[in-house]
$ cat work.cif   # mmCIF, C-alpha atoms
data_structure
#
loop_
_atom_site.label_atom_id
_atom_site.label_comp_id
_atom_site.auth_asym_id
_atom_site.auth_seq_id
_atom_site.Cartn_x
_atom_site.Cartn_y
_atom_site.Cartn_z
CA ASN A 1 47.78 138.48 367.81
CA SER A 2 49.28 135.16 368.76
CA GLY A 3 48.27 132.41 366.35
CA TYR A 4 48.14 134.65 363.26
CA THR A 5 50.73 135.73 360.67
CA VAL A 6 50.69 138.82 358.44
CA SER A 7 51.60 138.14 354.81
CA GLY A 8 51.66 140.18 351.56
CA SER A 9 52.66 143.83 351.01
CA ARG A 10 51.29 147.35 350.51
CA SER A 11 52.64 149.74 347.87
CA CYS A 12 51.74 152.93 346.01
CA SER A 13 52.63 153.47 342.34
CA ALA A 14 51.51 156.46 340.24
CA GLY A 15 48.80 157.20 342.74
CA THR A 16 47.52 153.62 342.75
CA LEU A 17 47.50 151.72 346.04
CA THR A 18 48.27 148.01 345.83
CA ASP A 19 47.43 146.17 349.02
CA THR A 20 47.95 142.38 349.29
CA VAL A 21 48.30 142.30 353.06
CA ALA A 22 46.44 139.40 354.64
CA CYS A 23 46.14 138.00 358.13
CA LYS A 24 46.19 134.22 358.16
CA ALA A 25 45.79 131.80 361.03
CA ASP A 26 48.89 129.73 361.74
CA SER A 27 48.71 126.04 360.89
CA PRO A 28 48.53 123.93 364.04
CA ALA A 29 51.84 122.36 364.96
CA PRO A 30 51.95 118.61 364.36
CA SER A 31 51.32 116.65 367.48
CA SER A 32 54.40 115.02 368.94
CA ALA A 33 52.34 112.59 370.93
CA SER A 34 52.66 108.99 369.82
CA PRO A 35 49.49 107.13 368.96
CA PRO A 36 48.18 105.08 371.86
CA THR A 37 49.57 101.59 372.09
CA LEU A 38 46.67 99.20 372.11
CA LYS A 39 48.18 96.41 374.18
CA THR A 40 46.29 94.35 376.70
CA PRO A 41 47.82 93.43 380.07
CA GLN A 42 47.64 89.81 378.94
CA LYS A 43 49.74 90.51 375.88
CA ALA A 44 52.29 92.46 377.92
CA ALA A 45 52.61 89.54 380.34
CA ALA A 46 53.00 87.05 377.50
CA GLU A 47 55.71 89.13 375.83
CA LYS A 48 57.61 89.34 379.10
CA THR A 49 57.52 85.56 379.45
CA ARG A 50 58.47 85.22 375.77
CA ASP A 51 61.60 87.32 376.31
CA LYS A 52 62.56 85.15 379.28
CA LEU A 53 62.05 82.07 377.13
CA LEU A 54 64.21 83.45 374.30
CA ALA A 55 67.01 84.36 376.70
CA GLY A 56 67.82 80.67 377.17
CA ILE A 57 68.34 80.05 373.42
CA THR A 58 71.90 80.71 372.27
CA ASP A 59 71.68 79.78 368.57
CA LYS A 60 70.63 82.86 366.54
CA LYS A 61 68.66 80.92 363.93
CA LEU A 62 66.77 78.98 366.58
CA LYS A 63 66.10 82.16 368.54
CA LYS A 64 64.61 83.81 365.44
CA LYS A 65 62.45 80.76 364.87
CA ALA A 66 61.36 80.71 368.51
CA LYS A 67 60.43 84.40 368.46
CA LEU A 68 58.34 83.96 365.32
CA LEU A 69 56.52 81.02 366.89
CA ALA A 70 56.04 82.81 370.20
CA ASP A 71 54.67 85.95 368.55
CA ALA A 72 52.26 83.85 366.51
CA ALA A 73 51.07 82.09 369.68
CA ILE A 74 50.49 85.42 371.42
CA ALA A 75 48.45 86.60 368.42
CA GLY A 76 46.46 83.38 368.36
CA GLU A 77 47.80 82.42 364.93
CA LYS A 78 48.85 79.19 363.30
CA VAL A 79 52.04 79.30 361.26
CA LYS A 80 52.97 78.06 357.79
CA LYS A 81 55.88 75.67 357.31
CA MET A 82 57.89 74.63 354.28
CA THR A 83 60.44 71.83 354.25
CA ALA A 84 63.01 71.05 351.56
CA LYS A 85 66.28 69.16 351.16
CA LEU A 86 69.22 71.04 349.69
CA GLU A 87 72.90 70.28 349.24
CA ALA A 88 75.17 73.01 350.60
CA ALA A 89 78.50 73.68 352.29
CA ASP A 90 76.84 74.81 355.53
CA ALA A 91 73.52 75.63 357.14
CA ALA A 92 73.68 79.33 356.26
CA THR A 93 74.22 78.53 352.58
CA ALA A 94 71.39 76.00 352.64
CA CYS A 95 68.99 78.67 353.89
CA SER A 96 70.31 81.22 351.41
CA ASP A 97 69.86 78.76 348.55
CA TYR A 98 66.35 78.00 349.75
CA TYR A 99 65.26 81.64 349.49
CA THR A 100 66.94 82.06 346.11
CA LYS A 101 65.39 78.96 344.59
CA ALA A 102 62.00 79.60 346.20
CA LYS A 103 62.11 83.17 344.86
CA LEU A 104 61.28 84.60 348.27
CA SER A 105 62.89 87.44 350.20
CA SER A 106 65.28 86.24 352.90
CA ASP A 107 63.61 88.76 355.22
CA LEU A 108 60.55 86.53 355.36
CA GLY A 109 60.08 83.82 357.93
CA ALA A 110 62.67 81.97 360.00
CA CYS A 111 64.91 79.36 358.39
CA VAL A 112 66.68 76.54 360.22
CA ALA A 113 68.84 74.00 358.37
CA THR A 114 70.25 70.79 359.82
CA VAL A 115 72.40 68.09 358.22
CA SER A 116 70.22 65.16 357.23
CA SER A 117 72.89 63.08 355.46
CA ARG A 118 76.54 63.15 354.52
CA ARG A 119 78.09 60.53 352.27
CA ARG A 120 81.34 59.01 353.45
CA GLY A 121 84.39 60.34 351.65
CA ARG A 122 82.60 63.30 350.16
CA SER A 123 83.32 66.94 350.99
CA LEU A 124 81.14 69.13 353.17
CA ALA A 125 79.87 70.77 350.01
CA ALA A 126 77.91 67.60 349.29
CA SER A 127 76.11 67.53 352.65
CA THR A 128 72.35 67.39 352.40
CA TYR A 129 70.48 69.74 354.69
CA GLN A 130 66.89 69.56 355.74
CA VAL A 131 65.67 73.12 355.57
CA ASN A 132 62.62 74.08 357.62
CA VAL A 133 61.20 77.56 357.11
CA PHE A 134 58.39 78.99 359.21
CA PHE A 135 56.17 81.92 358.23
CA ARG A 136 53.48 83.91 359.97
CA PRO A 137 50.23 84.31 357.97
CA SER A 138 50.93 88.02 357.47
CA GLU A 139 54.21 87.23 355.69
CA VAL A 140 53.11 84.88 352.93
CA THR A 141 49.80 83.81 351.48
CA SER A 142 48.91 80.24 350.63
CA ALA A 143 49.28 81.13 346.95
CA GLN A 144 52.79 82.49 347.52
CA LEU A 145 53.69 79.34 349.40
CA THR A 146 52.46 77.25 346.49
CA ASP A 147 54.50 79.36 344.04
CA ALA A 148 57.59 78.95 346.23
CA SER A 149 57.07 75.20 346.33
CA ASN A 150 56.75 75.04 342.54
CA SER A 151 59.88 77.17 342.10
CA LEU A 152 61.89 74.85 344.33
CA LYS A 153 60.72 71.78 342.46
CA ALA A 154 61.53 73.44 339.15
CA GLU A 155 65.09 73.92 340.48
CA GLY A 156 65.32 70.18 341.15
CA VAL A 157 65.01 70.51 344.93
CA GLN A 158 63.86 67.29 346.61
CA GLY A 159 61.63 66.69 349.63
CA VAL A 160 59.55 69.84 349.23
CA THR A 161 56.50 69.86 351.50
CA THR A 162 54.24 72.56 352.90
CA GLU A 163 52.00 72.83 355.94
CA SER A 164 49.54 75.68 356.26
CA SER A 165 48.41 75.28 359.87
CA VAL A 166 51.20 74.42 362.31
CA ASP A 167 50.61 74.83 366.05
CA PRO A 168 53.28 77.34 367.19
CA ILE A 169 53.22 76.12 370.80
CA ALA A 170 53.83 72.48 369.84
CA GLU A 171 56.67 73.52 367.52
CA LEU A 172 58.16 75.88 370.11
CA LYS A 173 58.47 73.02 372.58
CA THR A 174 60.88 71.26 370.21
CA VAL A 175 63.38 74.13 370.04
CA ASP A 176 66.72 73.43 371.75
CA GLY A 177 67.31 75.72 374.70
CA VAL A 178 63.66 76.24 375.63
CA ASP A 179 63.23 75.92 379.39
CA ALA A 180 60.35 73.57 380.21
CA SER A 181 59.15 75.54 383.22
CA THR A 182 59.18 78.86 381.40
CA MET A 183 57.49 77.19 378.45
CA THR A 184 54.61 76.08 380.67
CA THR A 185 54.14 79.63 381.91
CA PHE A 186 54.36 81.02 378.40
CA GLU A 187 51.75 78.60 377.10
CA THR A 188 49.29 79.88 379.70
CA ASP A 189 50.17 83.54 379.11
CA ALA A 190 50.00 83.20 375.33
CA ALA A 191 46.56 81.60 375.51
CA ALA A 192 45.30 84.48 377.65
CA ALA A 193 46.80 87.02 375.25
CA ALA A 194 45.32 85.28 372.23
CA ASP A 195 41.86 85.45 373.78
CA THR A 196 42.06 89.26 373.77
CA SER A 197 44.28 89.92 370.73
CA TRP A 198 41.34 90.05 368.31
CA ALA A 199 40.01 93.07 370.22
CA VAL A 200 43.26 95.04 370.25
CA GLY A 201 42.56 96.57 366.86
CA LEU A 202 39.58 98.45 368.29
CA LYS A 203 40.24 101.70 370.13
CA GLY A 204 39.56 101.02 373.78
CA GLY A 205 40.49 97.36 373.50
CA PRO A 206 38.40 94.68 375.16
CA GLN A 207 36.44 97.29 377.15
CA ALA A 208 35.24 98.86 373.90
CA VAL A 209 34.27 95.46 372.57
CA LEU A 210 32.23 94.72 375.68
CA ALA A 211 30.53 98.11 375.44
CA CYS A 212 29.68 97.54 371.77
CA ALA A 213 28.38 94.06 372.53
CA SER A 214 26.20 95.41 375.34
CA ALA A 215 24.82 98.12 373.06
CA LEU A 216 23.99 95.61 370.34
CA PHE A 217 22.30 93.38 372.91
CA VAL A 218 20.11 96.26 374.07
CA ILE A 219 19.23 97.13 370.45
CA ALA A 220 18.34 93.51 369.75
CA LEU A 221 16.01 93.41 372.76
CA GLY A 222 14.21 96.50 371.54
CA MET A 223 13.60 95.15 368.05
#
$ encode --input "work.cif" --output "structure tokens"
Amino acid sequence: NSGYTVSGSRSCSAGTLTDTVACKADSPAPSSASPPTLKTPQKAAAEKTRDKLLAGITDKKLKKKAKLLADAAIAGEKVKKMTAKLEAADAATACSDYYTKAKLSSDLGACVATVSSRRRGRSLAASTYQVNVFFRPSEVTSAQLTDASNSLKAEGVQGVTTESSVDPIAELKTVDGVDASTMTTFETDAAAAADTSWAVGLKGGPQAVLACASALFVIALGM
């Protein structure tokens, strides 16, 4: 019958019948359906505004920084920030040196380096860059940030500071290329998304949370 497979064999040797035939149910085929995406309408709206906001930023490093900040705002998170001063030939090298000396993966966070000083008559290799690196809480712990800071200082890097609770919206407003009008809309959308993001991890989203809360309320009244 459909759904079953015959396995084994049947043989006869010197008058002895050997029968290993068996009928086994087929294993169910793995489901091709993707797990449900637990995304609130508020988060979807905020991400749409975020994408519009990012479209106006042409610099790749700034766009990466802006996306990290925007995603943190949508999730209702603060971000971590580390600042350091490094001498390098260009901004890309300054960021690369930061990750190497901090002993962190360059896949973490968003790094932006800008020239803070350049001595007259010296080559570009002697330019000092202020390196600002932003991390979401899920990327680095406070302990890792402390270790990175100590590693930089051990390498002789100057101006090393850390901040563990930076407002992503306030920082996002300082990014070159961010449209003020779109930013205002995003701030509202992100706040609405953040209000519901804590419930996304529960199947059923905010509705499930409300149902659970109602049930607990009823139980409390009956106690």
$ resolve_selection --input "work.cif" --expression "the PyMOL selection byres ((chain A and resi 64-77) around 9)" --output "PDB file with C-alpha atoms, in the coordinates of the input"
ATOM      1  CA  LYS A  43      49.740  90.510 375.880  1.00  0.00           C
ATOM      2  CA  ALA A  46      53.000  87.050 377.500  1.00  0.00           C
ATOM      3  CA  GLU A  47      55.710  89.130 375.830  1.00  0.00           C
ATOM      4  CA  ARG A  50      58.470  85.220 375.770  1.00  0.00           C
ATOM      5  CA  ASP A  51      61.600  87.320 376.310  1.00  0.00           C
ATOM      6  CA  LEU A  53      62.050  82.070 377.130  1.00  0.00           C
ATOM      7  CA  LEU A  54      64.210  83.450 374.300  1.00  0.00           C
ATOM      8  CA  ILE A  57      68.340  80.050 373.420  1.00  0.00           C
ATOM      9  CA  ASP A  59      71.680  79.780 368.570  1.00  0.00           C
ATOM     10  CA  LYS A  60      70.630  82.860 366.540  1.00  0.00           C
ATOM     11  CA  LYS A  61      68.660  80.920 363.930  1.00  0.00           C
ATOM     12  CA  LEU A  62      66.770  78.980 366.580  1.00  0.00           C
ATOM     13  CA  LYS A  63      66.100  82.160 368.540  1.00  0.00           C
ATOM     14  CA  LYS A  78      48.850  79.190 363.300  1.00  0.00           C
ATOM     15  CA  VAL A  79      52.040  79.300 361.260  1.00  0.00           C
ATOM     16  CA  GLY A 109      60.080  83.820 357.930  1.00  0.00           C
ATOM     17  CA  ALA A 110      62.670  81.970 360.000  1.00  0.00           C
ATOM     18  CA  CYS A 111      64.910  79.360 358.390  1.00  0.00           C
ATOM     19  CA  VAL A 112      66.680  76.540 360.220  1.00  0.00           C
ATOM     20  CA  VAL A 133      61.200  77.560 357.110  1.00  0.00           C
ATOM     21  CA  PHE A 134      58.390  78.990 359.210  1.00  0.00           C
ATOM     22  CA  PHE A 135      56.170  81.920 358.230  1.00  0.00           C
ATOM     23  CA  ARG A 136      53.480  83.910 359.970  1.00  0.00           C
ATOM     24  CA  PRO A 137      50.230  84.310 357.970  1.00  0.00           C
ATOM     25  CA  SER A 165      48.410  75.280 359.870  1.00  0.00           C
ATOM     26  CA  ASP A 167      50.610  74.830 366.050  1.00  0.00           C
ATOM     27  CA  PRO A 168      53.280  77.340 367.190  1.00  0.00           C
ATOM     28  CA  ILE A 169      53.220  76.120 370.800  1.00  0.00           C
ATOM     29  CA  GLU A 171      56.670  73.520 367.520  1.00  0.00           C
ATOM     30  CA  LEU A 172      58.160  75.880 370.110  1.00  0.00           C
ATOM     31  CA  VAL A 175      63.380  74.130 370.040  1.00  0.00           C
ATOM     32  CA  VAL A 178      63.660  76.240 375.630  1.00  0.00           C
ATOM     33  CA  PHE A 186      54.360  81.020 378.400  1.00  0.00           C
ATOM     34  CA  GLU A 187      51.750  78.600 377.100  1.00  0.00           C
ATOM     35  CA  ASP A 189      50.170  83.540 379.110  1.00  0.00           C
ATOM     36  CA  ALA A 190      50.000  83.200 375.330  1.00  0.00           C
ATOM     37  CA  ALA A 191      46.560  81.600 375.510  1.00  0.00           C
ATOM     38  CA  ALA A 192      45.300  84.480 377.650  1.00  0.00           C
ATOM     39  CA  ALA A 193      46.800  87.020 375.250  1.00  0.00           C
ATOM     40  CA  ALA A 194      45.320  85.280 372.230  1.00  0.00           C
ATOM     41  CA  ASP A 195      41.860  85.450 373.780  1.00  0.00           C
ATOM     42  CA  THR A 196      42.060  89.260 373.770  1.00  0.00           C
ATOM     43  CA  SER A 197      44.280  89.920 370.730  1.00  0.00           C
ATOM     44  CA  TRP A 198      41.340  90.050 368.310  1.00  0.00           C
TER      45      TRP A 198
END
$ resolve_selection --input "work.cif" --expression "the PyMOL selection byres ((chain A and resi 115) around 9)" --output "JSON, numbers by chain"
{"A": [90, 91, 113, 114, 116, 117, 118, 127, 128, 129, 130, 131]}
$ atom_distance --input "work.cif" --atom1 "atom CA of Leu152 of chain A" --atom2 "atom CA of Tyr98 of chain A"
7.7 Å
$ atom_distance --input "work.cif" --atom1 "atom CA of Ser106 of chain A" --atom2 "atom CA of Lys39 of chain A"
29.1 Å
$ atom_distance --input "work.cif" --atom1 "atom CA of Ser149 of chain A" --atom2 "atom CA of Asp107 of chain A"
17.5 Å
$ closest_residue --input "work.cif" --among "A:Cys12, A:Ala45, A:Val166, A:Ala154" --to "Ala102 of chain A" --atoms "only C-alpha atoms"
A:Ala154
$ closest_residue --input "work.cif" --among "A:Lys48, A:Arg10, A:Lys101, A:Lys173" --to "Ala84 of chain A" --atoms "all atoms listed in the file"
A:Lys101
$ closest_residue --input "work.cif" --among "A:Ala148, A:Thr182, A:Ser96, A:Leu17" --to "Lys52 of chain A" --atoms "all atoms listed in the file"
A:Thr182
$ resolve_selection --input "work.cif" --expression "the PyMOL selection byres ((chain A and resi 161) around 10)" --output "PDB file with C-alpha atoms, in the frame of the given file"
ATOM      1  CA  LYS A  81      55.880  75.670 357.310  1.00  0.00           C
ATOM      2  CA  MET A  82      57.890  74.630 354.280  1.00  0.00           C
ATOM      3  CA  THR A  83      60.440  71.830 354.250  1.00  0.00           C
ATOM      4  CA  ALA A  84      63.010  71.050 351.560  1.00  0.00           C
ATOM      5  CA  LYS A  85      66.280  69.160 351.160  1.00  0.00           C
ATOM      6  CA  ASN A 132      62.620  74.080 357.620  1.00  0.00           C
ATOM      7  CA  THR A 146      52.460  77.250 346.490  1.00  0.00           C
ATOM      8  CA  SER A 149      57.070  75.200 346.330  1.00  0.00           C
ATOM      9  CA  GLN A 158      63.860  67.290 346.610  1.00  0.00           C
ATOM     10  CA  GLY A 159      61.630  66.690 349.630  1.00  0.00           C
ATOM     11  CA  VAL A 160      59.550  69.840 349.230  1.00  0.00           C
ATOM     12  CA  THR A 162      54.240  72.560 352.900  1.00  0.00           C
ATOM     13  CA  GLU A 163      52.000  72.830 355.940  1.00  0.00           C
TER      14      GLU A 163
END
$ axis_aligned_box --input "work.cif" --around "segment 160-169 of chain A" --padding-each-side "5 Å" --output "JSON"
{"center_x": 54.0, "center_y": 73.6, "center_z": 360.0, "size_x": 21.1, "size_y": 17.5, "size_z": 31.6}
$ decode --input "work.cif" --residues "segment 36-76 of chain A" --atoms "N, CA and C atoms" --output "PDB file, in the first residue's frame"
ATOM      1  N   PRO A  36       7.182  30.115  10.288  1.00  0.00           N
ATOM      2  CA  PRO A  36       6.488  31.398  10.204  1.00  0.00           C
ATOM      3  C   PRO A  36       7.382  32.547  10.620  1.00  0.00           C
ATOM      4  N   THR A  37       7.291  33.625   9.923  1.00  0.00           N
ATOM      5  CA  THR A  37       8.061  34.817  10.254  1.00  0.00           C
ATOM      6  C   THR A  37       7.282  35.643  11.258  1.00  0.00           C
ATOM      7  N   LEU A  38       7.825  35.732  12.463  1.00  0.00           N
ATOM      8  CA  LEU A  38       7.133  36.463  13.507  1.00  0.00           C
ATOM      9  C   LEU A  38       7.528  37.930  13.432  1.00  0.00           C
ATOM     10  N   LYS A  39       6.825  38.658  12.588  1.00  0.00           N
ATOM     11  CA  LYS A  39       7.119  40.078  12.389  1.00  0.00           C
ATOM     12  C   LYS A  39       5.822  40.870  12.534  1.00  0.00           C
ATOM     13  N   THR A  40       5.868  41.864  13.381  1.00  0.00           N
ATOM     14  CA  THR A  40       4.685  42.685  13.585  1.00  0.00           C
ATOM     15  C   THR A  40       4.545  43.690  12.439  1.00  0.00           C
ATOM     16  N   PRO A  41       3.331  44.176  12.213  1.00  0.00           N
ATOM     17  CA  PRO A  41       3.127  45.216  11.196  1.00  0.00           C
ATOM     18  C   PRO A  41       3.967  46.462  11.501  1.00  0.00           C
ATOM     19  N   GLN A  42       4.146  46.731  12.791  1.00  0.00           N
ATOM     20  CA  GLN A  42       4.941  47.901  13.177  1.00  0.00           C
ATOM     21  C   GLN A  42       6.397  47.744  12.759  1.00  0.00           C
ATOM     22  N   LYS A  43       6.927  46.541  12.922  1.00  0.00           N
ATOM     23  CA  LYS A  43       8.307  46.308  12.532  1.00  0.00           C
ATOM     24  C   LYS A  43       8.462  46.388  11.015  1.00  0.00           C
ATOM     25  N   ALA A  44       7.495  45.843  10.293  1.00  0.00           N
ATOM     26  CA  ALA A  44       7.546  45.891   8.829  1.00  0.00           C
ATOM     27  C   ALA A  44       7.537  47.340   8.339  1.00  0.00           C
ATOM     28  N   ALA A  45       6.718  48.163   8.971  1.00  0.00           N
ATOM     29  CA  ALA A  45       6.641  49.574   8.582  1.00  0.00           C
ATOM     30  C   ALA A  45       7.953  50.292   8.887  1.00  0.00           C
ATOM     31  N   ALA A  46       8.545  49.971  10.045  1.00  0.00           N
ATOM     32  CA  ALA A  46       9.798  50.610  10.432  1.00  0.00           C
ATOM     33  C   ALA A  46      10.932  50.211   9.488  1.00  0.00           C
ATOM     34  N   GLU A  47      10.958  48.960   9.086  1.00  0.00           N
ATOM     35  CA  GLU A  47      12.005  48.494   8.170  1.00  0.00           C
ATOM     36  C   GLU A  47      11.854  49.140   6.793  1.00  0.00           C
ATOM     37  N   LYS A  48      10.638  49.368   6.382  1.00  0.00           N
ATOM     38  CA  LYS A  48      10.407  50.041   5.102  1.00  0.00           C
ATOM     39  C   LYS A  48      10.929  51.483   5.156  1.00  0.00           C
ATOM     40  N   THR A  49      10.658  52.162   6.253  1.00  0.00           N
ATOM     41  CA  THR A  49      11.165  53.528   6.414  1.00  0.00           C
ATOM     42  C   THR A  49      12.678  53.528   6.551  1.00  0.00           C
ATOM     43  N   ARG A  50      13.211  52.520   7.244  1.00  0.00           N
ATOM     44  CA  ARG A  50      14.671  52.389   7.372  1.00  0.00           C
ATOM     45  C   ARG A  50      15.333  52.294   5.998  1.00  0.00           C
ATOM     46  N   ASP A  51      14.784  51.466   5.130  1.00  0.00           N
ATOM     47  CA  ASP A  51      15.365  51.287   3.798  1.00  0.00           C
ATOM     48  C   ASP A  51      15.338  52.595   3.000  1.00  0.00           C
ATOM     49  N   LYS A  52      14.263  53.362   3.176  1.00  0.00           N
ATOM     50  CA  LYS A  52      14.171  54.659   2.505  1.00  0.00           C
ATOM     51  C   LYS A  52      15.234  55.604   3.052  1.00  0.00           C
ATOM     52  N   LEU A  53      15.467  55.523   4.346  1.00  0.00           N
ATOM     53  CA  LEU A  53      16.462  56.362   5.002  1.00  0.00           C
ATOM     54  C   LEU A  53      17.867  56.016   4.495  1.00  0.00           C
ATOM     55  N   LEU A  54      18.149  54.723   4.387  1.00  0.00           N
ATOM     56  CA  LEU A  54      19.475  54.269   3.954  1.00  0.00           C
ATOM     57  C   LEU A  54      19.748  54.606   2.495  1.00  0.00           C
ATOM     58  N   ALA A  55      18.695  54.697   1.707  1.00  0.00           N
ATOM     59  CA  ALA A  55      18.858  54.970   0.274  1.00  0.00           C
ATOM     60  C   ALA A  55      19.517  56.322   0.018  1.00  0.00           C
ATOM     61  N   GLY A  56      19.402  57.244   0.954  1.00  0.00           N
ATOM     62  CA  GLY A  56      19.980  58.574   0.770  1.00  0.00           C
ATOM     63  C   GLY A  56      21.438  58.672   1.203  1.00  0.00           C
ATOM     64  N   ILE A  57      21.993  57.580   1.737  1.00  0.00           N
ATOM     65  CA  ILE A  57      23.390  57.584   2.211  1.00  0.00           C
ATOM     66  C   ILE A  57      24.265  56.907   1.172  1.00  0.00           C
ATOM     67  N   THR A  58      25.229  57.628   0.633  1.00  0.00           N
ATOM     68  CA  THR A  58      26.063  57.089  -0.445  1.00  0.00           C
ATOM     69  C   THR A  58      27.329  56.405   0.058  1.00  0.00           C
ATOM     70  N   ASP A  59      27.893  56.864   1.165  1.00  0.00           N
ATOM     71  CA  ASP A  59      29.118  56.268   1.697  1.00  0.00           C
ATOM     72  C   ASP A  59      28.811  54.886   2.302  1.00  0.00           C
ATOM     73  N   LYS A  60      29.542  53.855   1.869  1.00  0.00           N
ATOM     74  CA  LYS A  60      29.265  52.486   2.310  1.00  0.00           C
ATOM     75  C   LYS A  60      29.469  52.298   3.809  1.00  0.00           C
ATOM     76  N   LYS A  61      30.526  52.885   4.343  1.00  0.00           N
ATOM     77  CA  LYS A  61      30.793  52.748   5.778  1.00  0.00           C
ATOM     78  C   LYS A  61      29.701  53.410   6.610  1.00  0.00           C
ATOM     79  N   LEU A  62      29.280  54.596   6.169  1.00  0.00           N
ATOM     80  CA  LEU A  62      28.217  55.299   6.886  1.00  0.00           C
ATOM     81  C   LEU A  62      26.885  54.571   6.761  1.00  0.00           C
ATOM     82  N   LYS A  63      26.663  53.971   5.599  1.00  0.00           N
ATOM     83  CA  LYS A  63      25.413  53.224   5.404  1.00  0.00           C
ATOM     84  C   LYS A  63      25.375  52.011   6.322  1.00  0.00           C
ATOM     85  N   LYS A  64      26.508  51.320   6.473  1.00  0.00           N
ATOM     86  CA  LYS A  64      26.566  50.168   7.377  1.00  0.00           C
ATOM     87  C   LYS A  64      26.314  50.603   8.810  1.00  0.00           C
ATOM     88  N   LYS A  65      26.912  51.731   9.183  1.00  0.00           N
ATOM     89  CA  LYS A  65      26.697  52.266  10.524  1.00  0.00           C
ATOM     90  C   LYS A  65      25.224  52.617  10.718  1.00  0.00           C
ATOM     91  N   ALA A  66      24.646  53.286   9.738  1.00  0.00           N
ATOM     92  CA  ALA A  66      23.249  53.707   9.839  1.00  0.00           C
ATOM     93  C   ALA A  66      22.311  52.509   9.955  1.00  0.00           C
ATOM     94  N   LYS A  67      22.590  51.459   9.207  1.00  0.00           N
ATOM     95  CA  LYS A  67      21.733  50.266   9.269  1.00  0.00           C
ATOM     96  C   LYS A  67      21.822  49.612  10.645  1.00  0.00           C
ATOM     97  N   LEU A  68      23.033  49.523  11.186  1.00  0.00           N
ATOM     98  CA  LEU A  68      23.186  48.947  12.522  1.00  0.00           C
ATOM     99  C   LEU A  68      22.396  49.752  13.548  1.00  0.00           C
ATOM    100  N   LEU A  69      22.503  51.074  13.463  1.00  0.00           N
ATOM    101  CA  LEU A  69      21.784  51.931  14.406  1.00  0.00           C
ATOM    102  C   LEU A  69      20.275  51.811  14.226  1.00  0.00           C
ATOM    103  N   ALA A  70      19.837  51.788  12.972  1.00  0.00           N
ATOM    104  CA  ALA A  70      18.406  51.699  12.692  1.00  0.00           C
ATOM    105  C   ALA A  70      17.832  50.372  13.181  1.00  0.00           C
ATOM    106  N   ASP A  71      18.551  49.290  12.941  1.00  0.00           N
ATOM    107  CA  ASP A  71      18.072  47.979  13.386  1.00  0.00           C
ATOM    108  C   ASP A  71      18.004  47.905  14.906  1.00  0.00           C
ATOM    109  N   ALA A  72      18.972  48.523  15.557  1.00  0.00           N
ATOM    110  CA  ALA A  72      18.957  48.552  17.022  1.00  0.00           C
ATOM    111  C   ALA A  72      17.749  49.349  17.529  1.00  0.00           C
ATOM    112  N   ALA A  73      17.456  50.465  16.863  1.00  0.00           N
ATOM    113  CA  ALA A  73      16.309  51.287  17.262  1.00  0.00           C
ATOM    114  C   ALA A  73      15.002  50.519  17.094  1.00  0.00           C
ATOM    115  N   ILE A  74      14.887  49.785  16.004  1.00  0.00           N
ATOM    116  CA  ILE A  74      13.676  48.999  15.751  1.00  0.00           C
ATOM    117  C   ILE A  74      13.502  47.919  16.816  1.00  0.00           C
ATOM    118  N   ALA A  75      14.625  47.366  17.280  1.00  0.00           N
ATOM    119  CA  ALA A  75      14.582  46.309  18.297  1.00  0.00           C
ATOM    120  C   ALA A  75      14.471  46.872  19.714  1.00  0.00           C
ATOM    121  N   GLY A  76      14.537  48.192  19.823  1.00  0.00           N
ATOM    122  CA  GLY A  76      14.454  48.806  21.140  1.00  0.00           C
ATOM    123  C   GLY A  76      15.735  48.659  21.944  1.00  0.00           C
TER     124      GLY A  76
END
